[in-house]
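Chemist: Below is a structure I'd like to ask you about.
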Amino acid sequence: MWLSGAPIRGWRARLRRLQSRLSLRSRLVLSHVMVLFIAMWGMGTTNWVVESHLGLRDVEPDVILQGGLFLGLVAAFLAAIAMSRFLLRPLDTVRAATHRLAEGHYDDVLELPNEPGLAALVEDVNRLAANLADTERRRARLVSEVAHEMRTPITILRGQIEGMADGIFVPDDAMFASLADDLDRLQRLASDLSSLSRLEEGAFALHRKPSDVALLARATVERLRPQFEDQGVVLIANADTPVVAFCDPDRITQVLVNLLGNALAACDPYGHVAVSVQHGPQPVGHAVVRIMDDGIGIAEHDLERIFHRFERLEHPGRSAAAGGSGIGLTIARGIARAHGGDLTAESPGPGKGALFALRLPLEPAQEE
């Protein structure tokens, strides 16, 4: 009766404290030592019982050895089962957590164990769960935003087409131009979603060749200059010196259009946007395109978040459209990194403008 109650609880408490102090490596070594010790103890106990208590001294040594070995193996097997529970119990908790993650339960948080190795593993699992939960929230928000972005032009298109069919609207050039604008908006959205999907699947095709990035920048500036003039924003280009990089000119133009469009949306009337193209510092040569504006700026904690897919920054006093749909910068950085370069953002803070820097590797002949 004395085994039930306080003594048993005391041994269990000591065992839990011992578990919290031992690393997985120590537990594994201890389990092997314990199994070996119990096997030897079983063999020795069998020999001692046979010789001392049963008086079978004339029994063949091989028979005693075989009996002791058999009992030792049985004892070792039972001990291995018990030690495996001692060894794998903390891992079972982590495994159960990963199963819950696979089922979509991202909000479960595991308590950190005292053992450092397991604590690091549990921290990684908790971080994975948090990242998956954040991605799932952004995906859900994307579905809502895409539905909203598509609903508006589709509703307008339907109303205009039904109006023309009923004779309410006159099918003139202005009406067809309006229809074309709404169709272009839907096409751009579908193209962005398709590009994002290919980018994340690693199926993003690049057709690289030596290209003058300065020429691409000047052509993009002149292409977009009417939009800047319509909103009263001054656009300056400092890209007179040729800078040849090994890149896909169409994709880089896509990045420049996105960055200049964001800069225009960030600026108030009479604002300024400057584009410059230069050689990066040696020995690792890069073509560096900098697009700087004096617009609404970016908070320090958002400088990296703006590149996350589906992220959308809200700015007081501005419509949600000014923040974009959260896809363009993700695609732009993906294009830059697919080239072996990068796209980064800097800003002194809200209301103080922003600087985006696009870095692209130079053509192979200049890298050698």
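By convention in this document, the chains of the structure tokens carry letters A, B, ... by their order, each chain's residues are numbered from 1, and ligands are numbered from 1 in the order they are shown.
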What lies within 10 Å of Thr253 of chain A using only C-alpha atoms, ignoring chain neighbours under 3 positions off, as a ChimeraX atom specification?
Modeler: /A:213,216-217,219-220,248-250,256-259
Chemist: Please produce an output containing N, CA and C atoms for each residue in the selection, written as a compact mmCIF listing (two decimals), in the first residue's frame.
Modeler:
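The result, written out as out-v7.txt:
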# COMPACT_ATOMS: atom_id res chain seq x y z
N VAL A 213 19.65 49.49 -69.67
CA VAL A 213 18.62 49.80 -68.69
C VAL A 213 18.29 51.28 -68.70
N LEU A 216 15.78 51.80 -71.38
CA LEU A 216 14.48 51.31 -70.94
C LEU A 216 13.81 52.30 -69.99
N ALA A 217 14.60 52.89 -69.09
CA ALA A 217 14.05 53.85 -68.14
C ALA A 217 13.55 55.10 -68.86
N ALA A 219 12.58 55.38 -71.98
CA ALA A 219 11.39 55.06 -72.77
C ALA A 219 10.16 54.93 -71.87
N THR A 220 10.32 54.34 -70.70
CA THR A 220 9.19 54.19 -69.78
C THR A 220 8.74 55.54 -69.25
N ASP A 248 15.82 40.67 -69.01
CA ASP A 248 14.67 40.60 -69.89
C ASP A 248 14.08 42.00 -69.99
N PRO A 249 14.23 42.68 -71.12
CA PRO A 249 13.79 44.08 -71.19
C PRO A 249 12.30 44.26 -70.97
N ASP A 250 11.48 43.32 -71.42
CA ASP A 250 10.03 43.45 -71.22
C ASP A 250 9.67 43.37 -69.74
N LEU A 256 9.46 48.79 -63.97
CA LEU A 256 9.55 50.26 -63.97
C LEU A 256 8.17 50.90 -64.05
N VAL A 257 7.28 50.33 -64.85
CA VAL A 257 5.91 50.86 -64.94
C VAL A 257 5.23 50.75 -63.58
N ASN A 258 5.42 49.64 -62.91
CA ASN A 258 4.80 49.46 -61.59
C ASN A 258 5.35 50.47 -60.58
N LEU A 259 6.66 50.63 -60.55
CA LEU A 259 7.26 51.55 -59.58
C LEU A 259 6.87 53.00 -59.87
Chemist: Report as a ChimeraX atom specification: the residues of segment 166-206 of chain A with a DSSP assignment of helix (DSSP H, G or I), based on the backbone of this structure.
Modeler: /A:173-200
Chemist: Based on the selection just made, write N, CA and C atoms of those residues as a compact mmCIF listing (two decimals), in the first residue's frame.
Modeler:
# COMPACT_ATOMS: atom_id res chain seq x y z
N ASP A 173 -18.52 56.49 -79.94
CA ASP A 173 -17.11 56.28 -79.63
C ASP A 173 -16.84 56.40 -78.13
N ALA A 174 -17.49 57.33 -77.46
CA ALA A 174 -17.27 57.51 -76.03
C ALA A 174 -17.70 56.27 -75.25
N MET A 175 -18.82 55.68 -75.65
CA MET A 175 -19.30 54.49 -74.96
C MET A 175 -18.34 53.31 -75.18
N PHE A 176 -17.88 53.15 -76.41
CA PHE A 176 -16.94 52.06 -76.67
C PHE A 176 -15.61 52.28 -75.95
N ALA A 177 -15.18 53.53 -75.82
CA ALA A 177 -13.95 53.82 -75.07
C ALA A 177 -14.11 53.46 -73.60
N SER A 178 -15.28 53.75 -73.04
CA SER A 178 -15.55 53.38 -71.65
C SER A 178 -15.55 51.87 -71.47
N LEU A 179 -16.17 51.16 -72.41
CA LEU A 179 -16.15 49.70 -72.35
C LEU A 179 -14.72 49.16 -72.44
N ALA A 180 -13.91 49.77 -73.30
CA ALA A 180 -12.53 49.32 -73.46
C ALA A 180 -11.74 49.55 -72.18
N ASP A 181 -11.96 50.67 -71.47
CA ASP A 181 -11.26 50.95 -70.21
C ASP A 181 -11.58 49.90 -69.15
N ASP A 182 -12.83 49.53 -69.04
CA ASP A 182 -13.22 48.51 -68.06
C ASP A 182 -12.65 47.15 -68.42
N LEU A 183 -12.63 46.83 -69.71
CA LEU A 183 -12.03 45.56 -70.13
C LEU A 183 -10.53 45.54 -69.87
N ASP A 184 -9.86 46.68 -70.10
CA ASP A 184 -8.43 46.76 -69.81
C ASP A 184 -8.16 46.56 -68.32
N ARG A 185 -9.02 47.12 -67.48
CA ARG A 185 -8.85 46.95 -66.04
C ARG A 185 -8.96 45.49 -65.64
N LEU A 186 -9.93 44.78 -66.20
CA LEU A 186 -10.06 43.36 -65.92
C LEU A 186 -8.87 42.57 -66.47
N GLN A 187 -8.40 42.94 -67.63
CA GLN A 187 -7.28 42.25 -68.22
C GLN A 187 -6.01 42.44 -67.39
N ARG A 188 -5.77 43.66 -66.89
CA ARG A 188 -4.60 43.91 -66.06
C ARG A 188 -4.65 43.09 -64.78
N LEU A 189 -5.83 43.03 -64.17
CA LEU A 189 -5.97 42.25 -62.94
C LEU A 189 -5.71 40.77 -63.21
N ALA A 190 -6.27 40.24 -64.27
CA ALA A 190 -6.04 38.83 -64.61
C ALA A 190 -4.57 38.58 -64.92
N SER A 191 -3.92 39.52 -65.60
CA SER A 191 -2.50 39.36 -65.92
C SER A 191 -1.65 39.37 -64.67
N ASP A 192 -1.96 40.27 -63.71
CA ASP A 192 -1.20 40.32 -62.46
C ASP A 192 -1.35 39.03 -61.67
N LEU A 193 -2.57 38.51 -61.59
CA LEU A 193 -2.79 37.26 -60.86
C LEU A 193 -2.06 36.10 -61.54
N SER A 194 -2.07 36.08 -62.87
CA SER A 194 -1.36 35.03 -63.59
C SER A 194 0.14 35.13 -63.37
N SER A 195 0.68 36.34 -63.39
CA SER A 195 2.12 36.53 -63.16
C SER A 195 2.50 36.10 -61.75
N LEU A 196 1.68 36.47 -60.77
CA LEU A 196 1.96 36.08 -59.39
C LEU A 196 1.94 34.56 -59.24
N SER A 197 0.99 33.91 -59.87
CA SER A 197 0.91 32.45 -59.79
C SER A 197 2.15 31.79 -60.40
N ARG A 198 2.56 32.25 -61.59
CA ARG A 198 3.76 31.67 -62.22
C ARG A 198 5.01 31.95 -61.40
N LEU A 199 5.07 33.13 -60.79
CA LEU A 199 6.22 33.50 -59.99
C LEU A 199 6.36 32.57 -58.79
N GLU A 200 5.28 32.30 -58.10
CA GLU A 200 5.33 31.47 -56.91
C GLU A 200 5.52 30.00 -57.26
Chemist: Could you give me, as a count of residues only, the residues within 9 Å of Ala237 of chain A, counting only C-alpha atoms and dropping anything in the same chain fewer than 2 positions from it?
Modeler: 11
Chemist: Please provide the set of residues having any atom within 10 Å of Gln160 of chain A, restricted to only C-alpha atoms, with same-chain residues fewer than 4 positions apart removed, written as a PyMOL selection string.
Modeler: chain A and resi 154-156+164-166+168-171+175-176+178-179
